[in-house]
Each structure stands twice: as structure tokens, then as C-alpha cells.
>>> print(open('entry18.cif').read())   # mmCIF, C-alpha atoms (C1' of nucleotides)
data_protein
loop_
_atom_site.group_PDB
_atom_site.id
_atom_site.type_symbol
_atom_site.label_atom_id
_atom_site.label_comp_id
_atom_site.auth_asym_id
_atom_site.auth_seq_id
_atom_site.Cartn_x
_atom_site.Cartn_y
_atom_site.Cartn_z
ATOM 1 C CA MET A 1 -120.642 120.827 -43.312
ATOM 2 C CA SER A 2 -119.865 121.603 -46.934
ATOM 3 C CA LEU A 3 -122.584 121.375 -49.530
ATOM 4 C CA GLU A 4 -120.681 118.544 -51.181
ATOM 5 C CA ALA A 5 -120.534 116.542 -47.987
ATOM 6 C CA GLU A 6 -124.248 117.075 -47.500
ATOM 7 C CA VAL A 7 -125.002 115.594 -50.863
ATOM 8 C CA ARG A 8 -122.925 112.556 -49.983
ATOM 9 C CA GLU A 9 -124.586 112.258 -46.597
ATOM 10 C CA ASP A 10 -128.003 112.315 -48.167
ATOM 11 C CA ALA A 11 -127.090 109.548 -50.580
ATOM 12 C CA ALA A 12 -125.443 107.525 -47.849
ATOM 13 C CA ASP A 13 -128.594 107.727 -45.763
ATOM 14 C CA ARG A 14 -130.567 106.377 -48.655
ATOM 15 C CA LEU A 15 -128.209 103.466 -48.946
ATOM 16 C CA ALA A 16 -128.428 102.778 -45.223
ATOM 17 C CA ARG A 17 -132.189 102.591 -45.447
ATOM 18 C CA LEU A 18 -131.898 100.474 -48.541
ATOM 19 C CA MET A 19 -129.632 97.928 -46.886
ATOM 20 C CA GLY A 20 -131.389 97.893 -43.536
ATOM 21 C CA ASP A 21 -128.125 97.571 -41.656
ATOM 22 C CA VAL A 22 -126.352 100.852 -40.900
ATOM 23 C CA ASP A 23 -122.907 99.316 -40.397
ATOM 24 C CA GLU A 24 -123.167 97.378 -43.613
ATOM 25 C CA ALA A 25 -124.206 100.573 -45.401
ATOM 26 C CA LYS A 26 -121.231 102.466 -44.014
ATOM 27 C CA CYS A 27 -118.963 99.759 -45.300
ATOM 28 C CA ALA A 28 -120.611 99.902 -48.721
ATOM 29 C CA VAL A 29 -120.218 103.676 -48.857
ATOM 30 C CA LYS A 30 -116.545 103.295 -48.022
ATOM 31 C CA LYS A 31 -116.077 100.879 -50.903
ATOM 32 C CA LEU A 32 -117.938 103.164 -53.310
ATOM 33 C CA ARG A 33 -115.779 106.108 -52.372
ATOM 34 C CA SER A 34 -112.605 104.154 -52.849
ATOM 35 C CA LEU A 35 -113.822 103.417 -56.370
ATOM 36 C CA THR A 36 -114.369 107.130 -56.803
ATOM 37 C CA ARG A 37 -110.775 107.745 -55.907
ATOM 38 C CA VAL A 38 -109.641 105.243 -58.528
ATOM 39 C CA ILE A 39 -111.747 106.924 -61.181
ATOM 40 C CA GLU A 40 -110.598 110.401 -60.258
ATOM 41 C CA GLY A 41 -107.011 109.213 -60.060
ATOM 42 C CA ASP A 42 -106.929 109.260 -63.840
ATOM 43 C CA ASP A 43 -106.744 112.694 -65.347
ATOM 44 C CA LEU A 44 -110.429 112.733 -66.241
ATOM 45 C CA ASN A 45 -110.213 116.161 -67.837
ATOM 46 C CA ALA A 46 -107.541 115.207 -70.326
ATOM 47 C CA GLU A 47 -109.504 112.129 -71.296
ATOM 48 C CA VAL A 48 -112.718 114.074 -71.650
ATOM 49 C CA ASN A 49 -110.915 116.570 -73.863
ATOM 50 C CA ILE A 50 -109.843 113.804 -76.193
ATOM 51 C CA LEU A 51 -113.368 112.418 -76.444
ATOM 52 C CA LYS A 52 -114.901 115.862 -76.826
ATOM 53 C CA ALA A 53 -112.463 116.647 -79.598
ATOM 54 C CA MET A 54 -113.519 113.486 -81.432
ATOM 55 C CA GLY A 55 -117.220 114.070 -80.818
ATOM 56 C CA ASP A 56 -117.902 116.496 -83.645
ATOM 57 C CA PRO A 57 -118.880 115.576 -87.209
ATOM 58 C CA CYS A 58 -116.281 117.763 -88.869
ATOM 59 C CA ARG A 59 -113.469 116.697 -86.581
ATOM 60 C CA LEU A 60 -114.272 113.015 -86.773
ATOM 61 C CA ALA A 61 -114.309 113.322 -90.557
ATOM 62 C CA ILE A 62 -110.906 115.011 -90.447
ATOM 63 C CA LEU A 63 -109.500 112.199 -88.341
ATOM 64 C CA LYS A 64 -110.902 109.584 -90.700
ATOM 65 C CA PHE A 65 -109.483 111.523 -93.622
ATOM 66 C CA LEU A 66 -106.046 111.505 -92.000
ATOM 67 C CA ARG A 67 -106.057 107.728 -91.687
ATOM 68 C CA GLU A 68 -104.743 107.746 -95.248
ATOM 69 C CA GLY A 69 -101.703 109.779 -94.229
ATOM 70 C CA GLU A 70 -100.458 113.324 -94.079
ATOM 71 C CA ARG A 71 -102.675 116.022 -95.628
ATOM 72 C CA CYS A 72 -102.685 119.792 -95.957
ATOM 73 C CA VAL A 73 -105.517 122.159 -95.102
ATOM 74 C CA CYS A 74 -106.575 122.873 -98.672
ATOM 75 C CA GLU A 75 -107.095 119.154 -99.324
ATOM 76 C CA MET A 76 -109.341 118.924 -96.297
ATOM 77 C CA MET A 77 -111.347 121.897 -97.506
ATOM 78 C CA ILE A 78 -112.097 120.000 -100.692
ATOM 79 C CA ALA A 79 -112.694 116.622 -99.129
ATOM 80 C CA LEU A 80 -114.910 117.896 -96.331
ATOM 81 C CA ASN A 81 -116.404 120.812 -98.217
ATOM 82 C CA ARG A 82 -116.046 123.357 -95.472
ATOM 83 C CA PRO A 83 -114.713 126.900 -95.327
ATOM 84 C CA GLN A 84 -111.079 127.368 -94.478
ATOM 85 C CA SER A 85 -111.645 129.008 -91.114
ATOM 86 C CA SER A 86 -113.791 126.099 -90.029
ATOM 87 C CA ILE A 87 -111.191 123.488 -90.947
ATOM 88 C CA SER A 88 -108.456 125.523 -89.315
ATOM 89 C CA HIS A 89 -110.477 125.973 -86.146
ATOM 90 C CA HIS A 90 -111.179 122.274 -85.813
ATOM 91 C CA LEU A 91 -107.578 121.362 -86.535
ATOM 92 C CA SER A 92 -106.427 123.487 -83.642
ATOM 93 C CA ILE A 93 -108.842 121.736 -81.301
ATOM 94 C CA LEU A 94 -107.606 118.341 -82.469
ATOM 95 C CA LYS A 95 -104.019 119.446 -82.025
ATOM 96 C CA ASP A 96 -104.629 120.777 -78.519
ATOM 97 C CA ALA A 97 -106.175 117.458 -77.568
ATOM 98 C CA GLY A 98 -103.045 115.690 -78.823
ATOM 99 C CA LEU A 99 -104.830 113.767 -81.565
ATOM 100 C CA ILE A 100 -102.897 115.165 -84.514
ATOM 101 C CA LYS A 101 -99.473 116.595 -85.222
ATOM 102 C CA GLU A 102 -98.486 119.454 -87.484
ATOM 103 C CA ARG A 103 -95.600 119.887 -89.891
ATOM 104 C CA LYS A 104 -95.020 123.256 -91.525
ATOM 105 C CA ASP A 105 -93.395 123.514 -94.913
ATOM 106 C CA GLY A 106 -93.251 127.017 -96.362
ATOM 107 C CA LYS A 107 -96.773 128.317 -96.818
ATOM 108 C CA TRP A 108 -98.294 124.939 -96.198
ATOM 109 C CA SER A 109 -99.245 123.114 -93.015
ATOM 110 C CA TYR A 110 -99.478 119.351 -93.100
ATOM 111 C CA TYR A 111 -101.313 117.342 -90.498
ATOM 112 C CA ARG A 112 -101.175 113.682 -89.497
ATOM 113 C CA LEU A 113 -102.597 111.454 -86.759
ATOM 114 C CA SER A 114 -100.364 111.531 -83.709
ATOM 115 C CA ASP A 115 -100.867 107.910 -82.735
ATOM 116 C CA GLY A 116 -102.335 104.611 -83.874
ATOM 117 C CA ALA A 117 -104.610 104.678 -80.842
ATOM 118 C CA VAL A 118 -106.735 107.233 -82.672
ATOM 119 C CA ILE A 119 -107.509 104.742 -85.414
ATOM 120 C CA GLU A 120 -108.167 102.087 -82.824
ATOM 121 C CA ILE A 121 -110.707 104.278 -81.066
ATOM 122 C CA ILE A 122 -112.458 105.017 -84.357
ATOM 123 C CA ASN A 123 -112.629 101.296 -85.099
ATOM 124 C CA GLN A 124 -114.063 100.443 -81.696
ATOM 125 C CA VAL A 125 -116.683 103.157 -82.027
ATOM 126 C CA LYS A 126 -117.703 101.717 -85.364
ATOM 127 C CA LEU A 127 -117.998 98.285 -83.743
ATOM 128 C CA LEU A 128 -120.323 99.721 -81.116
ATOM 129 C CA GLU A 129 -122.391 101.550 -83.683
ATOM 130 C CA ASP A 130 -122.923 98.446 -85.793
ATOM 131 C CA GLU A 131 -124.706 96.587 -83.021
ATOM 132 C CA MET B 1 -124.826 127.268 -108.395
ATOM 133 C CA SER B 2 -125.480 126.208 -104.815
ATOM 134 C CA LEU B 3 -123.497 127.722 -102.007
ATOM 135 C CA GLU B 4 -122.043 124.321 -101.276
ATOM 136 C CA ALA B 5 -120.848 123.856 -104.811
ATOM 137 C CA GLU B 6 -119.265 127.304 -104.732
ATOM 138 C CA VAL B 7 -117.233 126.373 -101.709
ATOM 139 C CA ARG B 8 -115.985 123.278 -103.466
ATOM 140 C CA GLU B 9 -115.185 125.221 -106.610
ATOM 141 C CA ASP B 10 -113.206 127.749 -104.679
ATOM 142 C CA ALA B 11 -111.127 125.071 -102.993
ATOM 143 C CA ALA B 12 -110.630 123.207 -106.255
ATOM 144 C CA ASP B 13 -109.334 126.383 -107.901
ATOM 145 C CA ARG B 14 -106.843 126.739 -105.132
ATOM 146 C CA LEU B 15 -105.644 123.226 -105.667
ATOM 147 C CA ALA B 16 -105.341 123.788 -109.400
ATOM 148 C CA ARG B 17 -103.149 126.798 -108.829
ATOM 149 C CA LEU B 18 -101.208 124.865 -106.239
ATOM 150 C CA MET B 19 -100.467 122.006 -108.601
ATOM 151 C CA GLY B 20 -99.896 124.123 -111.673
ATOM 152 C CA ASP B 21 -101.562 121.558 -113.896
ATOM 153 C CA VAL B 22 -105.333 121.892 -114.190
ATOM 154 C CA ASP B 23 -105.941 118.331 -115.367
ATOM 155 C CA GLU B 24 -103.839 116.912 -112.587
ATOM 156 C CA ALA B 25 -105.745 119.068 -110.111
ATOM 157 C CA LYS B 26 -109.085 117.811 -111.414
ATOM 158 C CA CYS B 27 -107.874 114.284 -110.947
ATOM 159 C CA ALA B 28 -106.733 115.063 -107.414
ATOM 160 C CA VAL B 29 -110.084 116.611 -106.588
ATOM 161 C CA LYS B 30 -111.819 113.512 -107.868
ATOM 162 C CA LYS B 31 -109.746 111.330 -105.584
ATOM 163 C CA LEU B 32 -110.390 113.565 -102.596
ATOM 164 C CA ARG B 33 -114.120 113.455 -103.171
ATOM 165 C CA SER B 34 -114.120 109.699 -103.419
ATOM 166 C CA LEU B 35 -112.465 109.650 -100.006
ATOM 167 C CA THR B 36 -115.234 111.918 -98.788
ATOM 168 C CA ARG B 37 -117.757 109.382 -99.933
ATOM 169 C CA VAL B 38 -115.984 106.647 -97.981
ATOM 170 C CA ILE B 39 -115.977 108.759 -94.835
ATOM 171 C CA GLU B 40 -119.602 109.746 -95.191
ATOM 172 C CA GLY B 41 -120.536 106.177 -96.008
ATOM 173 C CA ASP B 42 -120.215 105.394 -92.329
ATOM 174 C CA ASP B 43 -123.026 106.690 -90.213
ATOM 175 C CA LEU B 44 -121.030 109.633 -88.932
ATOM 176 C CA ASN B 45 -123.866 110.884 -86.765
ATOM 177 C CA ALA B 46 -124.215 107.701 -84.793
ATOM 178 C CA GLU B 47 -120.470 107.596 -84.218
ATOM 179 C CA VAL B 48 -120.361 111.229 -83.174
ATOM 180 C CA ASN B 49 -123.197 110.571 -80.731
ATOM 181 C CA ILE B 50 -121.195 107.837 -79.077
ATOM 182 C CA LEU B 51 -118.128 110.038 -78.736
ATOM 183 C CA LYS B 52 -120.162 113.019 -77.563
ATOM 184 C CA ALA B 53 -121.843 110.847 -74.956
ATOM 185 C CA MET B 54 -118.437 109.793 -73.639
ATOM 186 C CA GLY B 55 -117.038 113.323 -73.742
ATOM 187 C CA ASP B 56 -118.416 114.600 -70.465
ATOM 188 C CA PRO B 57 -116.757 114.291 -67.050
ATOM 189 C CA CYS B 58 -119.786 112.910 -65.280
ATOM 190 C CA ARG B 59 -120.632 110.430 -68.022
ATOM 191 C CA LEU B 60 -117.075 109.181 -68.433
ATOM 192 C CA ALA B 61 -116.926 108.666 -64.676
ATOM 193 C CA ILE B 62 -120.169 106.688 -64.830
ATOM 194 C CA LEU B 63 -118.773 104.463 -67.566
ATOM 195 C CA LYS B 64 -115.584 103.864 -65.588
ATOM 196 C CA PHE B 65 -117.679 103.099 -62.529
ATOM 197 C CA LEU B 66 -119.660 100.529 -64.479
ATOM 198 C CA ARG B 67 -116.502 98.673 -65.498
ATOM 199 C CA GLU B 68 -116.861 96.886 -62.160
ATOM 200 C CA GLY B 69 -120.305 95.570 -63.075
ATOM 201 C CA GLU B 70 -123.958 96.374 -62.716
ATOM 202 C CA ARG B 71 -124.877 99.315 -60.454
ATOM 203 C CA CYS B 72 -127.988 101.160 -59.422
ATOM 204 C CA VAL B 73 -128.558 104.913 -59.513
ATOM 205 C CA CYS B 74 -128.210 105.476 -55.803
ATOM 206 C CA GLU B 75 -124.755 103.901 -55.798
ATOM 207 C CA MET B 76 -123.674 106.243 -58.566
ATOM 208 C CA MET B 77 -124.970 109.224 -56.597
ATOM 209 C CA ILE B 78 -122.646 108.265 -53.756
ATOM 210 C CA ALA B 79 -119.657 107.352 -55.863
ATOM 211 C CA LEU B 80 -119.835 110.405 -58.117
ATOM 212 C CA ASN B 81 -121.301 112.762 -55.551
ATOM 213 C CA ARG B 82 -123.913 114.288 -57.807
ATOM 214 C CA PRO B 83 -127.617 115.017 -57.416
ATOM 215 C CA GLN B 84 -130.026 112.348 -58.541
ATOM 216 C CA SER B 85 -131.452 114.338 -61.442
ATOM 217 C CA SER B 86 -127.982 114.820 -62.860
ATOM 218 C CA ILE B 87 -127.082 111.126 -62.715
ATOM 219 C CA SER B 88 -130.420 110.183 -64.200
ATOM 220 C CA HIS B 89 -130.069 112.705 -67.008
ATOM 221 C CA HIS B 90 -126.611 111.476 -67.966
ATOM 222 C CA LEU B 91 -127.690 107.852 -67.800
ATOM 223 C CA SER B 92 -130.401 108.523 -70.360
ATOM 224 C CA ILE B 93 -127.865 110.093 -72.726
ATOM 225 C CA LEU B 94 -125.557 107.105 -72.341
ATOM 226 C CA LYS B 95 -128.453 104.741 -72.945
ATOM 227 C CA ASP B 96 -129.599 106.594 -76.060
ATOM 228 C CA ALA B 97 -126.079 106.368 -77.446
ATOM 229 C CA GLY B 98 -126.144 102.611 -76.883
ATOM 230 C CA LEU B 99 -123.283 102.610 -74.378
ATOM 231 C CA ILE B 100 -125.185 101.159 -71.440
ATOM 232 C CA LYS B 101 -128.148 98.885 -70.850
ATOM 233 C CA GLU B 102 -130.840 99.091 -68.209
ATOM 234 C CA ARG B 103 -132.504 96.438 -66.088
ATOM 235 C CA LYS B 104 -135.472 97.346 -63.933
ATOM 236 C CA ASP B 105 -136.197 95.449 -60.752
ATOM 237 C CA GLY B 106 -139.053 96.844 -58.723
ATOM 238 C CA LYS B 107 -138.214 100.348 -57.627
ATOM 239 C CA TRP B 108 -134.629 100.045 -58.713
ATOM 240 C CA SER B 109 -132.931 100.525 -62.039
ATOM 241 C CA TYR B 110 -129.644 98.803 -62.650
ATOM 242 C CA TYR B 111 -127.243 99.815 -65.389
ATOM 243 C CA ARG B 112 -124.343 98.020 -67.036
ATOM 244 C CA LEU B 113 -121.989 98.583 -69.981
ATOM 245 C CA SER B 114 -123.572 97.318 -73.160
ATOM 246 C CA ASP B 115 -120.345 96.077 -74.736
ATOM 247 C CA GLY B 116 -116.672 95.416 -74.085
ATOM 248 C CA ALA B 117 -115.831 97.931 -76.790
ATOM 249 C CA VAL B 118 -116.664 100.685 -74.315
ATOM 250 C CA ILE B 119 -113.866 99.548 -72.006
ATOM 251 C CA GLU B 120 -111.558 99.220 -74.971
ATOM 252 C CA ILE B 121 -112.227 102.816 -76.017
ATOM 253 C CA ILE B 122 -111.584 104.048 -72.483
ATOM 254 C CA ASN B 123 -108.293 102.151 -72.421
ATOM 255 C CA GLN B 124 -107.162 103.564 -75.754
ATOM 256 C CA VAL B 125 -108.023 107.090 -74.656
ATOM 257 C CA LYS B 126 -105.913 106.583 -71.562
ATOM 258 C CA LEU B 127 -103.057 105.388 -73.757
ATOM 259 C CA LEU B 128 -103.282 108.569 -75.811
ATOM 260 C CA GLU B 129 -103.463 110.763 -72.744
ATOM 261 C CA ASP B 130 -100.324 109.231 -71.218
ATOM 262 C CA GLU B 131 -98.131 110.271 -74.107
ATOM 263 C "C1'" DC C 1 -90.180 145.633 -100.493
ATOM 264 C "C1'" DC C 2 -94.961 144.490 -102.555
ATOM 265 C "C1'" DG C 3 -98.573 141.682 -103.773
ATOM 266 C "C1'" DT C 4 -100.279 137.135 -103.462
ATOM 267 C "C1'" DC C 5 -101.217 133.069 -101.282
ATOM 268 C "C1'" DA C 6 -101.982 129.441 -97.276
ATOM 269 C "C1'" DT C 7 -103.242 129.370 -92.905
ATOM 270 C "C1'" DA C 8 -104.405 131.217 -88.203
ATOM 271 C "C1'" DT C 9 -106.938 134.113 -85.189
ATOM 272 C "C1'" DG C 10 -110.721 137.354 -83.583
ATOM 273 C "C1'" DA C 11 -115.338 138.447 -82.837
ATOM 274 C "C1'" DA C 12 -120.347 138.034 -82.962
ATOM 275 C "C1'" DT C 13 -124.290 135.234 -83.256
ATOM 276 C "C1'" DG C 14 -127.163 131.520 -82.391
ATOM 277 C "C1'" DA C 15 -127.681 126.730 -81.133
ATOM 278 C "C1'" DA C 16 -126.863 123.081 -77.949
ATOM 279 C "C1'" DC C 17 -125.629 121.564 -73.516
ATOM 280 C "C1'" DT C 18 -125.098 121.044 -68.335
ATOM 281 C "C1'" DT C 19 -127.064 121.821 -63.943
ATOM 282 C "C1'" DG C 20 -130.147 121.327 -60.077
ATOM 283 C "C1'" DG C 21 -134.504 122.159 -57.999
ATOM 284 C "C1'" DA C 22 -139.350 120.942 -58.516
ATOM 285 C "C1'" DT C 23 -142.503 117.733 -59.985
ATOM 286 C "C1'" DA C 24 -144.272 113.399 -62.082
ATOM 287 C "C1'" DT C 25 -144.259 108.343 -62.501
ATOM 288 C "C1'" DG C 26 -144.421 103.994 -60.970
ATOM 289 C "C1'" DT C 27 -143.542 100.436 -57.343
ATOM 290 C "C1'" DA C 28 -143.780 98.393 -52.894
ATOM 291 C "C1'" DT C 29 -145.633 98.144 -48.289
ATOM 292 C "C1'" DA C 30 -148.753 98.894 -44.463
ATOM 293 C "C1'" DT D 1 -155.921 103.127 -50.563
ATOM 294 C "C1'" DA D 2 -152.367 105.966 -48.591
ATOM 295 C "C1'" DT D 3 -147.626 106.592 -47.879
ATOM 296 C "C1'" DA D 4 -142.775 106.209 -48.681
ATOM 297 C "C1'" DC D 5 -139.394 105.606 -51.836
ATOM 298 C "C1'" DA D 6 -136.333 105.154 -56.385
ATOM 299 C "C1'" DT D 7 -136.036 107.050 -60.508
ATOM 300 C "C1'" DA D 8 -137.430 109.891 -64.536
ATOM 301 C "C1'" DT D 9 -138.796 114.092 -66.541
ATOM 302 C "C1'" DC D 10 -139.528 119.067 -66.707
ATOM 303 C "C1'" DC D 11 -137.950 123.711 -66.520
ATOM 304 C "C1'" DA D 12 -135.156 127.845 -66.154
ATOM 305 C "C1'" DA D 13 -130.622 129.759 -65.962
ATOM 306 C "C1'" DG D 14 -126.035 129.822 -66.990
ATOM 307 C "C1'" DT D 15 -122.355 128.184 -69.886
ATOM 308 C "C1'" DT D 16 -120.002 126.172 -73.658
ATOM 309 C "C1'" DC D 17 -119.590 125.467 -78.513
ATOM 310 C "C1'" DA D 18 -119.834 125.724 -83.749
ATOM 311 C "C1'" DT D 19 -119.988 128.717 -87.377
ATOM 312 C "C1'" DT D 20 -118.298 132.100 -90.495
ATOM 313 C "C1'" DC D 21 -117.035 136.696 -91.921
ATOM 314 C "C1'" DA D 22 -113.286 139.744 -91.413
ATOM 315 C "C1'" DT D 23 -108.701 140.445 -90.400
ATOM 316 C "C1'" DA D 24 -103.872 139.141 -89.123
ATOM 317 C "C1'" DT D 25 -99.653 136.515 -89.797
ATOM 318 C "C1'" DG D 26 -96.110 134.797 -92.144
ATOM 319 C "C1'" DA D 27 -93.993 132.897 -96.373
ATOM 320 C "C1'" DC D 28 -92.949 133.060 -101.215
ATOM 321 C "C1'" DG D 29 -92.118 135.248 -105.968
ATOM 322 C "C1'" DG D 30 -91.358 139.235 -108.740
#
>>> encode(input="entry18.cif", output="C-alpha cells")
Amino acid sequence: MSLEAEVREDAADRLARLMGDVDEAKCAVKKLRSLTRVIEGDDLNAEVNILKAMGDPCRLAILKFLREGERCVCEMMIALNRPQSSISHHLSILKDAGLIKERKDGKWSYYRLSDGAVIEIINQVKLLEDE
Amino acid sequence: MSLEAEVREDAADRLARLMGDVDEAKCAVKKLRSLTRVIEGDDLNAEVNILKAMGDPCRLAILKFLREGERCVCEMMIALNRPQSSISHHLSILKDAGLIKERKDGKWSYYRLSDGAVIEIINQVKLLEDE
DNA sequence: CCGTCATATGAATGAACTTGGATATGTATA
DNA sequence: TATACATATCCAAGTTCATTCATATGACGG
């Protein structure tokens, strides 16, 4: 039996003891695992990447800064008061996560939010924080 | 001059050169810094904590699991197939961030989402991911 | 082409985080 | 009071991540 299955078995045993009735417990385990499948049906990793990308002070500040519209790197350096390599690094993480889009124009790179959902997430987080 | 101020000065010089006009650049810098103040006016740290708490595969799965309602630790162990110490550890992070609430009943601890905003954030993240 | 400029990338360091086993805490039951 | 149990906390090890200096890339102007 795989290690993973053992872990499950252990937990299932607990539940059986908890519920008293073994058959009932088996049924409950079945239901729980079907929920697992629903959760894992989403691409958890992609979603985690988005949240991880937003979960950094510098990057969240960048996103908030971009609510106003398109901006270039040197403006962010001033507004956020960080070295260029830091801003550039964080921008690439945000871009990889699909949160922002880039437009190159000569020497300059301009960035903007890729979707209104980003603003919506920021707003909901603020709602949560205010409670 | 503080290191921080030097960084700003450096970036401001860049902008001045970029815009050609020093006075115009000073004005632009002023505007950028006022935006900074707006961004930092929010409690960035609290917001980052919320996003960081959500940005982990196990914790996001827990939150999705709790969409269905109140659950105890042993159910999460089965559904997410993780050792008890891991589930417990992640629950405490989610609780500290204010994302979930706890109810103790005898030996058992039950957890639930603390606010509908959590579900809303998860939905918006999924929207972003699907694009 | 050559130097300058805006931005990206590489590399090294240190801090923060996840993980899981071991142990502690606190509750119920006999 | 002693035991079993659910959950929390501790600890050590491995991993990921942010930071920033140094360097590379690629575009513009002379």
C-alpha cells in the first residue's frame, strides 16, 4: 500500500471510530473524497501562483499603482522607492502569473493590469481586512 | 542623505532627463509620490498577509473545502490527504489572517470561512486563471 | 559604429516558509 | 484518576523566496 493510501486509511479509521458505524463512515469518506476531486479539478497550481504573486508588499503596491493606468518602470521606481532590479524582478513574476501585460515602445516598457478581476480581488481583500 | 532618499533622487534624475524639462519632472515626481501615499495609506501588510495565506496549495484547498460549510480537522485530513500537524499548522495561519473562524466543541474543533469575501476572491482568481 | 540609456537577467546571500515526526494540551469516558 | 482521543505546538531539515550588486541586452542619438 502506498504511503499516501496509508495516510488516508489512518484518517478514515479515525472517522469510523468517531461515527461509531463503520458503513456510515465509509460513506462519509466517499463523500469527502468526491469533494477532493472537485477541488483538485481546478488547476490549483495556477490559482496558487496568482495568489502568491499578489502576496508580496512590493508586488501588491505595483498592482495598486497600475490601477491608475499604464506605467513605465522608471515611474514605479519613484513611486515605490525601490531599486530598478527589484521592480523589474517583481514585474516579471506578475507577468508570469498573468496579472499584468507589457507593451514595449523603444527603450521603454509599459505595464498595465491584464484584467479587471485584479482590481476586484484587491477590493475584496480590503473588505476582509477592514473587518 | 539617507540611502532611501538617494534611491529616490536617482530615479527622479532619470525622470528629469526623460522628460527634458526639470520643472515638469519635479511636478511628475510629486504626483507619483502622492500616489505612493495613497497606496501606503492602506494597511498593506494586513492585505499581503491575507493573500500570502491564500497562496499555498494546501491552504487554498482548505478554503475551497470550507465553501461547503463547517468542517472539523479530521475531515480535512481525509479530504486533503495530509498529516494532522500539517492541516493544523495551515489552519492557524488561515485563522491569524482572519480568513476562517474556529468553534470548539469538546474534543473537536470546527472551522468555517469567516466571510463571503473569501469565496468571492476565489471566484475572481478562477476567472483570471481561465483566460 | 559608439556611448548612453532603460530594462532584463544572473548570482550570491540570508530570511522565511513548508513539512512531518515527536510531544504537549486539553477533553471525555470508564 | 487513568486512558484514549482530537488537536495544537515544537523542532529540525529541506526548500523556496526576496534582495541587490553586477552584468547583459537591446534601442536610440551622435
>>> axis_aligned_box(input="entry18.cif", around="segment 26-34 of chain B", padding_each_side="8 Å", output="lines of an AutoDock Vina configuration file")
center_x = -110.4
center_y = 113.8
center_z = -107.0
size_x = 23.4
size_y = 24.1
size_z = 24.8
>>> closest_atom_pairs(input="entry18.cif", of="chain C", to="chain A", cutoff="10 Å", atoms="all atoms listed in the file", output="Markdown table")
| residue | atom | partner | partner_atom | distance |
| --- | --- | --- | --- | --- |
| C:DC5 | C1' | A:Lys107 | CA | 7.9 |
| C:DA6 | C1' | A:Lys107 | CA | 5.3 |
| C:DT7 | C1' | A:Ser88 | CA | 7.4 |
| C:DA8 | C1' | A:Ser88 | CA | 7.1 |
| C:DT9 | C1' | A:His89 | CA | 8.9 |
>>> residues_around(input="entry18.cif", residues="segment 66-70 of chain A", least_positions_apart="2", cutoff="7 Å", atoms="only C-alpha atoms (C1' of nucleotides)", output="list in words")
Ile62, Leu63, Lys64, Tyr110, Tyr111, Arg112 and Leu113 of chain A
>>> resolve_selection(input="entry18.cif", expression="the PyMOL selection byres ((chain A) within 6 of (chain B))", output="NGL selection string")
:A and (8 or 11 or 32-33 or 36 or 48 or 51-52 or 55-56 or 78-79 or 81 or 117 or 121 or 124)
>>> interface_residues(input="entry18.cif", of="chain D", to="chain A", cutoff="10 Å", atoms="all atoms listed in the file", output="JSON list (two decimals) with C-alpha atoms (C1' of nucleotides), in the coordinates of the input")
[["chain", "number", "residue", "atom", "x", "y", "z"],
["D", 5, "DC", "C1'", -139.39, 105.61, -51.84],
["D", 6, "DA", "C1'", -136.33, 105.15, -56.38],
["D", 18, "DA", "C1'", -119.83, 125.72, -83.75],
["D", 19, "DT", "C1'", -119.99, 128.72, -87.38],
["D", 20, "DT", "C1'", -118.30, 132.10, -90.50],
["D", 21, "DC", "C1'", -117.04, 136.70, -91.92],
["D", 26, "DG", "C1'", -96.11, 134.80, -92.14],
["D", 27, "DA", "C1'", -93.99, 132.90, -96.37],
["D", 28, "DC", "C1'", -92.95, 133.06, -101.22]]
>>> atom_distance(input="entry18.cif", atom1="atom CA of Asp23 of chain B", atom2="atom CA of Glu102 of chain A")
28.9 Å
>>> atom_distance(input="entry18.cif", atom1="atom C1' of DA15 of chain C", atom2="atom C1' of DT15 of chain D")
12.5 Å
>>> closest_residue(input="entry18.cif", among="B:Ile87, B:Ile100, B:Leu94, B:Ala25", to="DA8 of chain D", atoms="only C-alpha atoms (C1' of nucleotides)")
B:Ile87
>>> atom_distance(input="entry18.cif", atom1="atom CA of Cys27 of chain A", atom2="atom C1' of DT7 of chain D")
24.0 Å
>>> residues_around(input="entry18.cif", residues="DT23 of chain C", least_positions_apart="4", cutoff="10 Å", atoms="only C-alpha atoms (C1' of nucleotides)", output="JSON, numbers by chain")
{"D": [9, 10, 11]}
>>> resolve_selection(input="entry18.cif", expression="the PyMOL selection byres ((chain D and resi 16) around 9)", output="list in words")
DA16, DC17 and DT18 of chain C; DT15 and DC17 of chain D
